[in-house]
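Student: Would you mind keeping the following structure in view while I ask a few things?
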Amino acid sequence: MNQENEAKTSEWMAALDTQKEPNDASNEDEETTPIPACSLREMGYREPKDGFDKKLCSKTDYKEYIIHQMNTVISNQQKPDIVVYIRGQNFNCHLAVLKTCTKLAKDVRFPNGLTIAHKDVTAKGFELAYDWMIHQDSTLKRKDIVELYMAAEYMQMPELLTNLWSLFHEETLVTDGMAFQIYLECLSYGRSKLQSLMLNRVRRFFLSAVTTEEYLRLEFEAVCEILGHYNICVNSEMEIYYSAVRWLHHDWPKRKEYASGIMEVVQFQLMPTQFITSIREELQELHNIPAVQTIINGALSSENMQQNPNRRHWVYDMKIPHHHNSACPRWRCLDLTAFNTYLELIIAAGPNYSQSLRDRAAPFITKAQQEQEQKQQKRGKKKSHKKSSEKEKSGPEKGRLLNKRKMLHSTALHLYADGRAPGREYGRECEYECEYLMSPNNDVC
């Protein structure tokens with residue numbers, strides 16, 4: 001069988017060879033003749049007139065998918081590519097995020113990581129700033145606001161700073177009392193824009209601040225900055241003087257050397273002459289200092305008295321007598337004891353104290369207007385008597401707390417009025433319509 005198959009195969013091969021031999025010459029001629037080439041355009045292929053504008057679609061929007069994936073990588077801190085060193089702590093970050101959100105990292109290479117050694121940048125501040133960069137719903141606590149601001153200011157983060165400034169200007173959120181707290185926190189960082197803004201916002205909280213331990217612990221420079229500020233609210237320049245005395249007396253042996261410096265911010269030309277005479281007798285140890293005598297005498301010289309001093313933000317509390325005109329029987333020359341008692345009144349009033357202050361520029365309310373307002377209030381009370389009684393029953397604990405605060409307030413007010421002429425009601429408007437109350441330009445008695 002094998003021999004037969006081999007024979008047949010050889011026959012087939014021989015037949016094929018005989019068929020190819022006659023065509024060898026013609027094949028050589030065909031290979032030497034090139035086939036003519038032409039372009040697609042010559043062959044008639046044309047681009048469509050409307051172009052090829054086909055939208056590539058997918059089951060999901062791929063760009064949104066990429067953004068979502070990038071956000072996931074960044075927010076979950078996956079595969080960070082740079083380490084930030086701050087005060088012994090390390091933070092794994094994405095360099096692209098830092099370059100996008102901060103001017104500090106732009107156009108700068110950090111082959112060995114980024115080290116921030118500035119005194120104003122804390123690890124907590126950087127952590128909060130970077131959290132704001134990578135999360136849309138980052139939250140902020142009041143106690144961390146200064147550290148975040150300082151970090152954002154150093155790293156030059158304009159968008160975050162804009163958000164913080166808008167927050168600082170919301171008076172319903174950042175009250176006068178909170179402004180004083182933020183101001184105190186800014187002091188350890190040195191002077192800053194935030195420190196100046198918060199001091200400008202203290203305003204009606206000033207005398208409440210004077211009652212605090214934080215005020216008594218302030219450094220000399222900070223006390224001068226506060227007392228010399230034009231926007232703090234006081235009834236009289238006499239309160240500025242006694243606020244300075246209160247700080248000096250808190251540690252007189254050590255602070256005696258600052259007496260002349262702190263008296264320079266007090267505007268004695270805005271005080272009644274009777275008052276200056278009385279304080280020289282009352283506080284002889286202070287006024288026997290030659291430098292202090294020179295300051296007061298210079299302020300009361302004819303030249304300085306004719307000049308217009310930097311005016312304060314004048315207000316008046318109807319419960320106190322030392323803002324009345326000296327011709328009024330209610331006027332009393334303020335002394336240190338009365339000032340301290342007034343501070344007790346402020347402490348008892350608590351946060352409600354600022355509501356009792358009236359702006360000096362506001363129109364004076366006459367007796368007739370006040371009586372009319374009282375009648376309207378009585379009518380409103382009669383209508384809401386049932387509702388209010390129900391609320392009092394539902395909240396007995398709240399009522400007891402309010403009564404306790406009222407008791408403290410009335411006690412402090414009685415102490416303040418103690419020793420005055422009998423029958424005086426310091427909570428009512430002046431019957432003599434003192435010019436001091438009537439005119440916002442008459443700043444001294």
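Residue numbering restarts at 1 for every chain of the structure tokens, chains are lettered A, B, ... in their displayed order, and ligands are numbered from 1 as they appear.
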As a PDB file with all heavy atoms, in the first residue's frame, please: the residues near Thr100 in chain A (cut-off 12 Å, only C-alpha atoms, same-chain neighbours under 2 positions excluded).

Tutor:
ATOM      1  N   HIS A  94      -1.734  64.703  48.583  1.00  0.00           N
ATOM      2  CA  HIS A  94      -1.572  64.676  47.134  1.00  0.00           C
ATOM      3  C   HIS A  94      -1.046  66.038  46.689  1.00  0.00           C
ATOM      4  O   HIS A  94      -1.653  67.074  46.990  1.00  0.00           O
ATOM      5  CB  HIS A  94      -2.903  64.371  46.439  1.00  0.00           C
ATOM      6  CG  HIS A  94      -3.376  62.963  46.652  1.00  0.00           C
ATOM      7  ND1 HIS A  94      -4.167  62.608  47.716  1.00  0.00           N
ATOM      8  CD2 HIS A  94      -3.141  61.824  45.949  1.00  0.00           C
ATOM      9  CE1 HIS A  94      -4.435  61.303  47.655  1.00  0.00           C
ATOM     10  NE2 HIS A  94      -3.822  60.807  46.586  1.00  0.00           N
ATOM     11  N   LEU A  95       0.075  66.020  45.987  1.00  0.00           N
ATOM     12  CA  LEU A  95       0.705  67.264  45.562  1.00  0.00           C
ATOM     13  C   LEU A  95      -0.200  68.064  44.636  1.00  0.00           C
ATOM     14  O   LEU A  95      -0.226  69.295  44.691  1.00  0.00           O
ATOM     15  CB  LEU A  95       2.034  66.961  44.869  1.00  0.00           C
ATOM     16  CG  LEU A  95       2.852  68.180  44.413  1.00  0.00           C
ATOM     17  CD1 LEU A  95       3.172  69.083  45.595  1.00  0.00           C
ATOM     18  CD2 LEU A  95       4.130  67.733  43.709  1.00  0.00           C
ATOM     19  N   ALA A  96      -0.966  67.383  43.791  1.00  0.00           N
ATOM     20  CA  ALA A  96      -1.867  68.085  42.870  1.00  0.00           C
ATOM     21  C   ALA A  96      -2.902  68.914  43.633  1.00  0.00           C
ATOM     22  O   ALA A  96      -3.271  70.024  43.220  1.00  0.00           O
ATOM     23  CB  ALA A  96      -2.562  67.090  41.952  1.00  0.00           C
ATOM     24  N   VAL A  97      -3.363  68.376  44.756  1.00  0.00           N
ATOM     25  CA  VAL A  97      -4.340  69.114  45.568  1.00  0.00           C
ATOM     26  C   VAL A  97      -3.697  70.359  46.173  1.00  0.00           C
ATOM     27  O   VAL A  97      -4.282  71.452  46.150  1.00  0.00           O
ATOM     28  CB  VAL A  97      -4.894  68.197  46.678  1.00  0.00           C
ATOM     29  CG1 VAL A  97      -5.796  68.983  47.624  1.00  0.00           C
ATOM     30  CG2 VAL A  97      -5.652  67.032  46.081  1.00  0.00           C
ATOM     31  N   LEU A  98      -2.500  70.222  46.711  1.00  0.00           N
ATOM     32  CA  LEU A  98      -1.801  71.370  47.309  1.00  0.00           C
ATOM     33  C   LEU A  98      -1.514  72.437  46.264  1.00  0.00           C
ATOM     34  O   LEU A  98      -1.665  73.637  46.524  1.00  0.00           O
ATOM     35  CB  LEU A  98      -0.497  70.903  47.958  1.00  0.00           C
ATOM     36  CG  LEU A  98      -0.630  69.985  49.176  1.00  0.00           C
ATOM     37  CD1 LEU A  98       0.743  69.520  49.641  1.00  0.00           C
ATOM     38  CD2 LEU A  98      -1.358  70.693  50.310  1.00  0.00           C
ATOM     39  N   THR A 102      -3.412  75.973  47.021  1.00  0.00           N
ATOM     40  CA  THR A 102      -2.529  76.896  47.732  1.00  0.00           C
ATOM     41  C   THR A 102      -1.522  77.515  46.767  1.00  0.00           C
ATOM     42  O   THR A 102      -1.005  76.835  45.876  1.00  0.00           O
ATOM     43  CB  THR A 102      -1.770  76.184  48.862  1.00  0.00           C
ATOM     44  OG1 THR A 102      -0.787  75.311  48.289  1.00  0.00           O
ATOM     45  CG2 THR A 102      -2.706  75.368  49.726  1.00  0.00           C
ATOM     46  N   LYS A 103      -1.252  78.784  46.972  1.00  0.00           N
ATOM     47  CA  LYS A 103      -0.207  79.440  46.189  1.00  0.00           C
ATOM     48  C   LYS A 103       1.183  79.067  46.694  1.00  0.00           C
ATOM     49  O   LYS A 103       2.169  79.209  45.970  1.00  0.00           O
ATOM     50  CB  LYS A 103      -0.395  80.958  46.256  1.00  0.00           C
ATOM     51  CG  LYS A 103      -1.637  81.452  45.540  1.00  0.00           C
ATOM     52  CD  LYS A 103      -1.725  82.969  45.572  1.00  0.00           C
ATOM     53  CE  LYS A 103      -2.966  83.450  44.829  1.00  0.00           C
ATOM     54  NZ  LYS A 103      -3.075  84.946  44.846  1.00  0.00           N
ATOM     55  N   LEU A 104       1.270  78.595  47.928  1.00  0.00           N
ATOM     56  CA  LEU A 104       2.552  78.203  48.494  1.00  0.00           C
ATOM     57  C   LEU A 104       3.178  77.056  47.713  1.00  0.00           C
ATOM     58  O   LEU A 104       4.399  77.014  47.504  1.00  0.00           O
ATOM     59  CB  LEU A 104       2.368  77.792  49.964  1.00  0.00           C
ATOM     60  CG  LEU A 104       3.603  77.245  50.690  1.00  0.00           C
ATOM     61  CD1 LEU A 104       4.636  78.358  50.880  1.00  0.00           C
ATOM     62  CD2 LEU A 104       3.211  76.649  52.033  1.00  0.00           C
ATOM     63  N   ALA A 105       2.379  76.094  47.264  1.00  0.00           N
ATOM     64  CA  ALA A 105       2.891  74.898  46.601  1.00  0.00           C
ATOM     65  C   ALA A 105       2.999  75.039  45.083  1.00  0.00           C
ATOM     66  O   ALA A 105       3.549  74.157  44.431  1.00  0.00           O
ATOM     67  CB  ALA A 105       1.995  73.699  46.933  1.00  0.00           C
ATOM     68  N   LYS A 106       2.490  76.117  44.513  1.00  0.00           N
ATOM     69  CA  LYS A 106       2.538  76.273  43.062  1.00  0.00           C
ATOM     70  C   LYS A 106       3.956  76.595  42.594  1.00  0.00           C
ATOM     71  O   LYS A 106       4.672  77.370  43.214  1.00  0.00           O
ATOM     72  CB  LYS A 106       1.590  77.383  42.622  1.00  0.00           C
ATOM     73  CG  LYS A 106       0.125  76.974  42.676  1.00  0.00           C
ATOM     74  CD  LYS A 106      -0.776  78.078  42.150  1.00  0.00           C
ATOM     75  CE  LYS A 106      -2.235  77.644  42.172  1.00  0.00           C
ATOM     76  NZ  LYS A 106      -3.136  78.714  41.686  1.00  0.00           N
ATOM     77  N   ASP A 107       4.323  76.011  41.462  1.00  0.00           N
ATOM     78  CA  ASP A 107       5.607  76.273  40.804  1.00  0.00           C
ATOM     79  C   ASP A 107       6.803  75.981  41.718  1.00  0.00           C
ATOM     80  O   ASP A 107       7.862  76.605  41.575  1.00  0.00           O
ATOM     81  CB  ASP A 107       5.677  77.734  40.321  1.00  0.00           C
ATOM     82  CG  ASP A 107       4.540  78.070  39.376  1.00  0.00           C
ATOM     83  OD1 ASP A 107       4.138  77.181  38.605  1.00  0.00           O
ATOM     84  OD2 ASP A 107       4.053  79.208  39.420  1.00  0.00           O
ATOM     85  N   TYR A 130      -6.318  71.179  55.006  1.00  0.00           N
ATOM     86  CA  TYR A 130      -6.274  70.121  53.999  1.00  0.00           C
ATOM     87  C   TYR A 130      -7.598  69.361  53.949  1.00  0.00           C
ATOM     88  O   TYR A 130      -8.033  68.935  52.871  1.00  0.00           O
ATOM     89  CB  TYR A 130      -5.127  69.157  54.295  1.00  0.00           C
ATOM     90  CG  TYR A 130      -4.850  68.207  53.146  1.00  0.00           C
ATOM     91  CD1 TYR A 130      -4.206  68.657  51.995  1.00  0.00           C
ATOM     92  CD2 TYR A 130      -5.249  66.874  53.202  1.00  0.00           C
ATOM     93  CE1 TYR A 130      -3.963  67.802  50.930  1.00  0.00           C
ATOM     94  CE2 TYR A 130      -5.011  66.011  52.144  1.00  0.00           C
ATOM     95  CZ  TYR A 130      -4.367  66.483  51.011  1.00  0.00           C
ATOM     96  OH  TYR A 130      -4.135  65.636  49.950  1.00  0.00           O
ATOM     97  N   MET A 133      -9.764  71.170  51.727  1.00  0.00           N
ATOM     98  CA  MET A 133      -9.398  70.987  50.321  1.00  0.00           C
ATOM     99  C   MET A 133     -10.027  69.727  49.727  1.00  0.00           C
ATOM    100  O   MET A 133     -10.444  69.719  48.558  1.00  0.00           O
ATOM    101  CB  MET A 133      -7.873  70.886  50.171  1.00  0.00           C
ATOM    102  CG  MET A 133      -7.098  72.115  50.582  1.00  0.00           C
ATOM    103  SD  MET A 133      -5.320  71.850  50.301  1.00  0.00           S
ATOM    104  CE  MET A 133      -4.618  72.860  51.613  1.00  0.00           C
ATOM    105  N   ILE A 134     -10.093  68.655  50.490  1.00  0.00           N
ATOM    106  CA  ILE A 134     -10.474  67.360  49.921  1.00  0.00           C
ATOM    107  C   ILE A 134     -11.904  66.945  50.243  1.00  0.00           C
ATOM    108  O   ILE A 134     -12.371  65.940  49.710  1.00  0.00           O
ATOM    109  CB  ILE A 134      -9.501  66.258  50.395  1.00  0.00           C
ATOM    110  CG1 ILE A 134      -9.569  66.079  51.914  1.00  0.00           C
ATOM    111  CG2 ILE A 134      -8.080  66.579  49.970  1.00  0.00           C
ATOM    112  CD1 ILE A 134      -8.667  64.964  52.446  1.00  0.00           C
ATOM    113  N   MET A 155      -0.398  79.675  53.897  1.00  0.00           N
ATOM    114  CA  MET A 155      -0.338  78.892  52.666  1.00  0.00           C
ATOM    115  C   MET A 155      -0.983  79.610  51.478  1.00  0.00           C
ATOM    116  O   MET A 155      -0.975  79.094  50.373  1.00  0.00           O
ATOM    117  CB  MET A 155      -1.002  77.529  52.883  1.00  0.00           C
ATOM    118  CG  MET A 155      -0.250  76.640  53.852  1.00  0.00           C
ATOM    119  SD  MET A 155      -0.860  74.934  53.882  1.00  0.00           S
ATOM    120  CE  MET A 155      -2.500  75.176  54.568  1.00  0.00           C
ATOM    121  N   GLN A 156      -1.555  80.784  51.729  1.00  0.00           N
ATOM    122  CA  GLN A 156      -2.161  81.613  50.679  1.00  0.00           C
ATOM    123  C   GLN A 156      -3.265  80.841  49.949  1.00  0.00           C
ATOM    124  O   GLN A 156      -3.126  80.439  48.802  1.00  0.00           O
ATOM    125  CB  GLN A 156      -1.106  82.075  49.686  1.00  0.00           C
ATOM    126  CG  GLN A 156       0.028  82.871  50.318  1.00  0.00           C
ATOM    127  CD  GLN A 156       1.086  83.266  49.322  1.00  0.00           C
ATOM    128  OE1 GLN A 156       0.787  83.932  48.316  1.00  0.00           O
ATOM    129  NE2 GLN A 156       2.322  82.883  49.580  1.00  0.00           N
ATOM    130  N   MET A 157      -4.360  80.666  50.685  1.00  0.00           N
ATOM    131  CA  MET A 157      -5.530  79.967  50.157  1.00  0.00           C
ATOM    132  C   MET A 157      -6.668  80.967  50.003  1.00  0.00           C
ATOM    133  O   MET A 157      -7.471  81.160  50.916  1.00  0.00           O
ATOM    134  CB  MET A 157      -5.926  78.820  51.088  1.00  0.00           C
ATOM    135  CG  MET A 157      -4.816  77.808  51.320  1.00  0.00           C
ATOM    136  SD  MET A 157      -5.225  76.568  52.582  1.00  0.00           S
ATOM    137  CE  MET A 157      -6.656  75.781  51.836  1.00  0.00           C
ATOM    138  N   PRO A 158      -6.754  81.668  48.884  1.00  0.00           N
ATOM    139  CA  PRO A 158      -7.717  82.775  48.752  1.00  0.00           C
ATOM    140  C   PRO A 158      -9.167  82.357  48.902  1.00  0.00           C
ATOM    141  O   PRO A 158      -9.963  83.079  49.506  1.00  0.00           O
ATOM    142  CB  PRO A 158      -7.430  83.317  47.342  1.00  0.00           C
ATOM    143  CG  PRO A 158      -6.713  82.220  46.630  1.00  0.00           C
ATOM    144  CD  PRO A 158      -5.949  81.468  47.669  1.00  0.00           C
ATOM    145  N   GLU A 159      -9.536  81.195  48.376  1.00  0.00           N
ATOM    146  CA  GLU A 159     -10.939  80.783  48.450  1.00  0.00           C
ATOM    147  C   GLU A 159     -11.353  80.486  49.886  1.00  0.00           C
ATOM    148  O   GLU A 159     -12.427  80.910  50.339  1.00  0.00           O
ATOM    149  CB  GLU A 159     -11.170  79.556  47.573  1.00  0.00           C
ATOM    150  CG  GLU A 159     -12.638  79.177  47.457  1.00  0.00           C
ATOM    151  CD  GLU A 159     -12.881  78.042  46.477  1.00  0.00           C
ATOM    152  OE1 GLU A 159     -11.918  77.632  45.798  1.00  0.00           O
ATOM    153  OE2 GLU A 159     -14.032  77.560  46.410  1.00  0.00           O
TER     154      GLU A 159
END

Student: Can you list, as an MDAnalysis selection string, all residues belonging to range 80-287 of chain A that DSSP tags as helix (DSSP H, G or I)?

Tutor: chainID A and resid 95:101 123:134 142:155 158:168 176:189 193:210 213:216 220:227 237:250 252:263 268:270 273:282 284:287

Student: Report the distance between CA of Val174 in chain A and CA of Arg201 in chain A in Å, rounded to one decimal place.

Tutor: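 Going from CA of Val174 in chain A over to CA of Arg201 in chain A, I get 8.8 Å.
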
Student: Select, from A:Met178, A:Ile346, A:Val108, A:Leu199, the residue with the minimum atom-to-atom distance to Lys143 in chain A, counting only C-alpha atoms.

Tutor: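 Closest to Lys143 in chain A, using only C-alpha atoms: A:Met178.
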
Student: Tell me, as a PyMOL selection string, which residues lie within 12 Å of Thr277 in chain A, counting only C-alpha atoms; anything in the same chain fewer than 5 positions away does not count.

Tutor: chain A and resi 268+271-272+282-284+287+296-297+300+333-335

Student: From a DSSP calculation on the backbone, collect every residue of range 232-321 of chain A in strand (DSSP E or B) and output the set as an MDAnalysis selection string.

Tutor: chainID A and resid 233:234 313:317

Student: Show me, as an MDAnalysis selection string, the residues that have an atom within 12 Å of Ile182 in chain A when counting only C-alpha atoms, minus same-chain residues fewer than 2 positions from it.

Tutor: chainID A and resid 142:147 149 168 174:180 184:189 192 194:202

Student: For the residues selected in the previous step, produce a file with C-alpha atoms as a tab-separated table (two decimals), in the first residue's frame.

Tutor:
chain	number	residue	atom	x	y	z
A	142	ARG	CA	-15.26	77.62	67.12
A	143	LYS	CA	-12.15	76.73	69.10
A	144	ASP	CA	-10.22	75.85	65.90
A	145	ILE	CA	-11.11	78.91	63.87
A	146	VAL	CA	-7.93	80.91	64.57
A	147	GLU	CA	-5.58	77.99	63.83
A	149	TYR	CA	-7.22	81.03	59.58
A	168	PHE	CA	-16.37	86.65	60.54
A	174	VAL	CA	-19.78	86.09	65.59
A	175	THR	CA	-21.15	88.22	68.44
A	176	ASP	CA	-19.29	90.94	70.35
A	177	GLY	CA	-18.43	88.47	73.11
A	178	MET	CA	-17.15	85.86	70.66
A	179	ALA	CA	-15.12	88.56	68.92
A	180	PHE	CA	-13.33	89.24	72.22
A	184	LEU	CA	-7.56	86.86	72.82
A	185	GLU	CA	-6.62	83.77	70.79
A	186	CYS	CA	-4.99	85.92	68.10
A	187	LEU	CA	-2.62	87.57	70.59
A	188	SER	CA	-0.27	84.57	70.74
A	189	TYR	CA	0.25	84.80	66.97
A	192	SER	CA	-2.76	90.00	62.19
A	194	LEU	CA	-7.99	88.94	62.11
A	195	GLN	CA	-6.85	90.44	65.42
A	196	SER	CA	-7.63	93.97	64.20
A	197	LEU	CA	-11.04	92.91	62.88
A	198	MET	CA	-12.05	91.18	66.10
A	199	LEU	CA	-10.98	94.15	68.24
A	200	ASN	CA	-13.11	96.37	66.03
A	201	ARG	CA	-16.02	94.02	66.70
A	202	VAL	CA	-15.77	94.00	70.53

Student: Quick one: pull the distance between CA of Val84 in chain A and CA of Glu127 in chain A, Å, one decimal.

Tutor: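 Calculated distance between CA of Val84 in chain A and CA of Glu127 in chain A is 10.3 Å.
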
Student: As a PyMOL selection string, please: the residues near Phe206 in chain A (cut-off 10 Å, only C-alpha atoms, same-chain neighbours under 2 positions excluded).

Tutor: chain A and resi 176-177+180+199+201-204+208-211+215+226-227+231-234+240+243+354

Student: Residues at most 12 Å from His250 in chain A, counting only C-alpha atoms, excluding those fewer than 3 positions away in the same chain, as a ChimeraX atom specification?

Tutor: /A:210-218,243-247,253-256

Student: For those residues, write all heavy atoms to a file as a compact mmCIF listing (two decimals), in the first residue's frame.

Tutor:
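Written file, selection_5.txt:
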# COMPACT_ATOMS: atom_id res chain seq x y z
N VAL A 210 -13.97 93.88 80.59
CA VAL A 210 -13.17 94.43 81.70
C VAL A 210 -13.43 93.66 82.98
O VAL A 210 -12.56 93.56 83.85
CB VAL A 210 -13.49 95.93 81.87
CG1 VAL A 210 -12.83 96.49 83.12
CG2 VAL A 210 -13.02 96.71 80.64
N THR A 211 -14.60 93.04 83.11
CA THR A 211 -14.92 92.29 84.33
C THR A 211 -14.23 90.93 84.37
O THR A 211 -14.22 90.29 85.42
CB THR A 211 -16.44 92.05 84.43
OG1 THR A 211 -16.86 91.19 83.37
CG2 THR A 211 -17.20 93.36 84.34
N THR A 212 -13.65 90.48 83.28
CA THR A 212 -13.15 89.10 83.19
C THR A 212 -11.72 88.97 83.69
O THR A 212 -10.95 89.93 83.71
CB THR A 212 -13.22 88.61 81.73
OG1 THR A 212 -12.33 89.41 80.92
CG2 THR A 212 -14.63 88.72 81.19
N GLU A 213 -11.36 87.73 84.03
CA GLU A 213 -9.98 87.42 84.41
C GLU A 213 -9.05 87.53 83.21
O GLU A 213 -7.87 87.88 83.35
CB GLU A 213 -9.91 86.00 84.98
CG GLU A 213 -10.67 85.82 86.29
CD GLU A 213 -10.58 84.39 86.81
OE1 GLU A 213 -9.97 83.55 86.10
OE2 GLU A 213 -11.11 84.12 87.89
N GLU A 214 -9.58 87.21 82.03
CA GLU A 214 -8.74 87.28 80.82
C GLU A 214 -8.24 88.70 80.59
O GLU A 214 -7.09 88.90 80.17
CB GLU A 214 -9.54 86.81 79.60
CG GLU A 214 -9.81 85.31 79.56
CD GLU A 214 -10.98 84.88 80.43
OE1 GLU A 214 -11.60 85.76 81.08
OE2 GLU A 214 -11.28 83.68 80.47
N TYR A 215 -9.08 89.69 80.88
CA TYR A 215 -8.65 91.08 80.71
C TYR A 215 -7.53 91.42 81.70
O TYR A 215 -6.56 92.08 81.34
CB TYR A 215 -9.84 92.02 80.92
CG TYR A 215 -9.46 93.48 80.99
CD1 TYR A 215 -9.20 94.22 79.85
CD2 TYR A 215 -9.36 94.13 82.23
CE1 TYR A 215 -8.85 95.56 79.91
CE2 TYR A 215 -9.01 95.46 82.30
CZ TYR A 215 -8.75 96.17 81.14
OH TYR A 215 -8.39 97.49 81.21
N LEU A 216 -7.67 90.97 82.93
CA LEU A 216 -6.66 91.28 83.95
C LEU A 216 -5.33 90.60 83.66
O LEU A 216 -4.29 91.07 84.12
CB LEU A 216 -7.18 90.86 85.33
CG LEU A 216 -8.43 91.59 85.82
CD1 LEU A 216 -8.87 91.02 87.16
CD2 LEU A 216 -8.19 93.09 85.92
N ARG A 217 -5.34 89.51 82.89
CA ARG A 217 -4.10 88.80 82.57
C ARG A 217 -3.45 89.27 81.28
O ARG A 217 -2.41 88.76 80.88
CB ARG A 217 -4.37 87.29 82.48
CG ARG A 217 -4.71 86.63 83.81
CD ARG A 217 -4.56 85.13 83.71
NE ARG A 217 -5.47 84.57 82.73
CZ ARG A 217 -6.65 84.01 83.02
NH1 ARG A 217 -7.06 83.98 84.29
NH2 ARG A 217 -7.40 83.51 82.08
N LEU A 218 -4.05 90.23 80.62
CA LEU A 218 -3.51 90.72 79.34
C LEU A 218 -2.15 91.39 79.53
O LEU A 218 -1.85 91.94 80.59
CB LEU A 218 -4.47 91.71 78.70
CG LEU A 218 -5.74 91.14 78.06
CD1 LEU A 218 -6.65 92.28 77.61
CD2 LEU A 218 -5.40 90.22 76.90
N SER A 243 -10.93 101.49 83.86
CA SER A 243 -10.55 100.20 83.29
C SER A 243 -9.04 100.05 83.28
O SER A 243 -8.50 98.96 83.54
CB SER A 243 -11.10 100.07 81.86
OG SER A 243 -12.51 100.11 81.86
N ALA A 244 -8.34 101.14 83.00
CA ALA A 244 -6.88 101.12 83.06
C ALA A 244 -6.40 100.94 84.50
O ALA A 244 -5.47 100.17 84.76
CB ALA A 244 -6.32 102.42 82.47
N VAL A 245 -7.06 101.62 85.42
CA VAL A 245 -6.68 101.50 86.84
C VAL A 245 -6.93 100.07 87.33
O VAL A 245 -6.12 99.53 88.10
CB VAL A 245 -7.49 102.52 87.69
CG1 VAL A 245 -7.30 102.26 89.18
CG2 VAL A 245 -7.06 103.94 87.34
N ARG A 246 -8.01 99.47 86.90
CA ARG A 246 -8.32 98.10 87.31
C ARG A 246 -7.21 97.14 86.88
O ARG A 246 -6.80 96.27 87.66
CB ARG A 246 -9.66 97.68 86.69
CG ARG A 246 -10.05 96.23 86.95
CD ARG A 246 -11.45 95.96 86.39
NE ARG A 246 -11.77 94.55 86.36
CZ ARG A 246 -12.18 93.84 87.41
NH1 ARG A 246 -12.32 94.42 88.58
NH2 ARG A 246 -12.47 92.56 87.29
N TRP A 247 -6.71 97.32 85.66
CA TRP A 247 -5.62 96.45 85.19
C TRP A 247 -4.34 96.70 85.97
O TRP A 247 -3.63 95.76 86.34
CB TRP A 247 -5.39 96.68 83.70
CG TRP A 247 -4.33 95.79 83.12
CD1 TRP A 247 -4.48 94.51 82.68
CD2 TRP A 247 -2.95 96.12 82.94
NE1 TRP A 247 -3.28 94.01 82.23
CE2 TRP A 247 -2.32 94.98 82.38
CE3 TRP A 247 -2.18 97.26 83.19
CZ2 TRP A 247 -0.96 94.96 82.06
CZ3 TRP A 247 -0.83 97.23 82.89
CH2 TRP A 247 -0.23 96.10 82.33
N PRO A 253 2.64 96.21 92.08
CA PRO A 253 4.11 96.25 92.18
C PRO A 253 4.82 96.00 90.86
O PRO A 253 5.84 96.64 90.57
CB PRO A 253 4.41 95.14 93.20
CG PRO A 253 3.17 95.03 94.02
CD PRO A 253 2.05 95.29 93.06
N LYS A 254 4.30 95.07 90.04
CA LYS A 254 4.95 94.77 88.77
C LYS A 254 4.48 95.68 87.64
O LYS A 254 5.23 95.91 86.69
CB LYS A 254 4.67 93.30 88.38
CG LYS A 254 5.33 92.29 89.31
CD LYS A 254 5.06 90.88 88.83
CE LYS A 254 5.74 89.86 89.73
NZ LYS A 254 5.48 88.45 89.30
N ARG A 255 3.25 96.19 87.75
CA ARG A 255 2.70 96.99 86.65
C ARG A 255 2.84 98.48 86.87
O ARG A 255 2.42 99.27 86.01
CB ARG A 255 1.22 96.62 86.45
CG ARG A 255 1.04 95.18 85.99
CD ARG A 255 -0.42 94.81 85.83
NE ARG A 255 -0.56 93.44 85.33
CZ ARG A 255 -1.73 92.84 85.10
NH1 ARG A 255 -2.87 93.49 85.36
NH2 ARG A 255 -1.75 91.60 84.65
N LYS A 256 3.40 98.86 87.96
CA LYS A 256 3.57 100.28 88.25
C LYS A 256 4.38 100.98 87.17
O LYS A 256 4.12 102.14 86.83
CB LYS A 256 4.25 100.45 89.62
CG LYS A 256 4.42 101.88 90.06
CD LYS A 256 5.06 101.93 91.45
CE LYS A 256 5.24 103.38 91.91
NZ LYS A 256 5.85 103.43 93.26
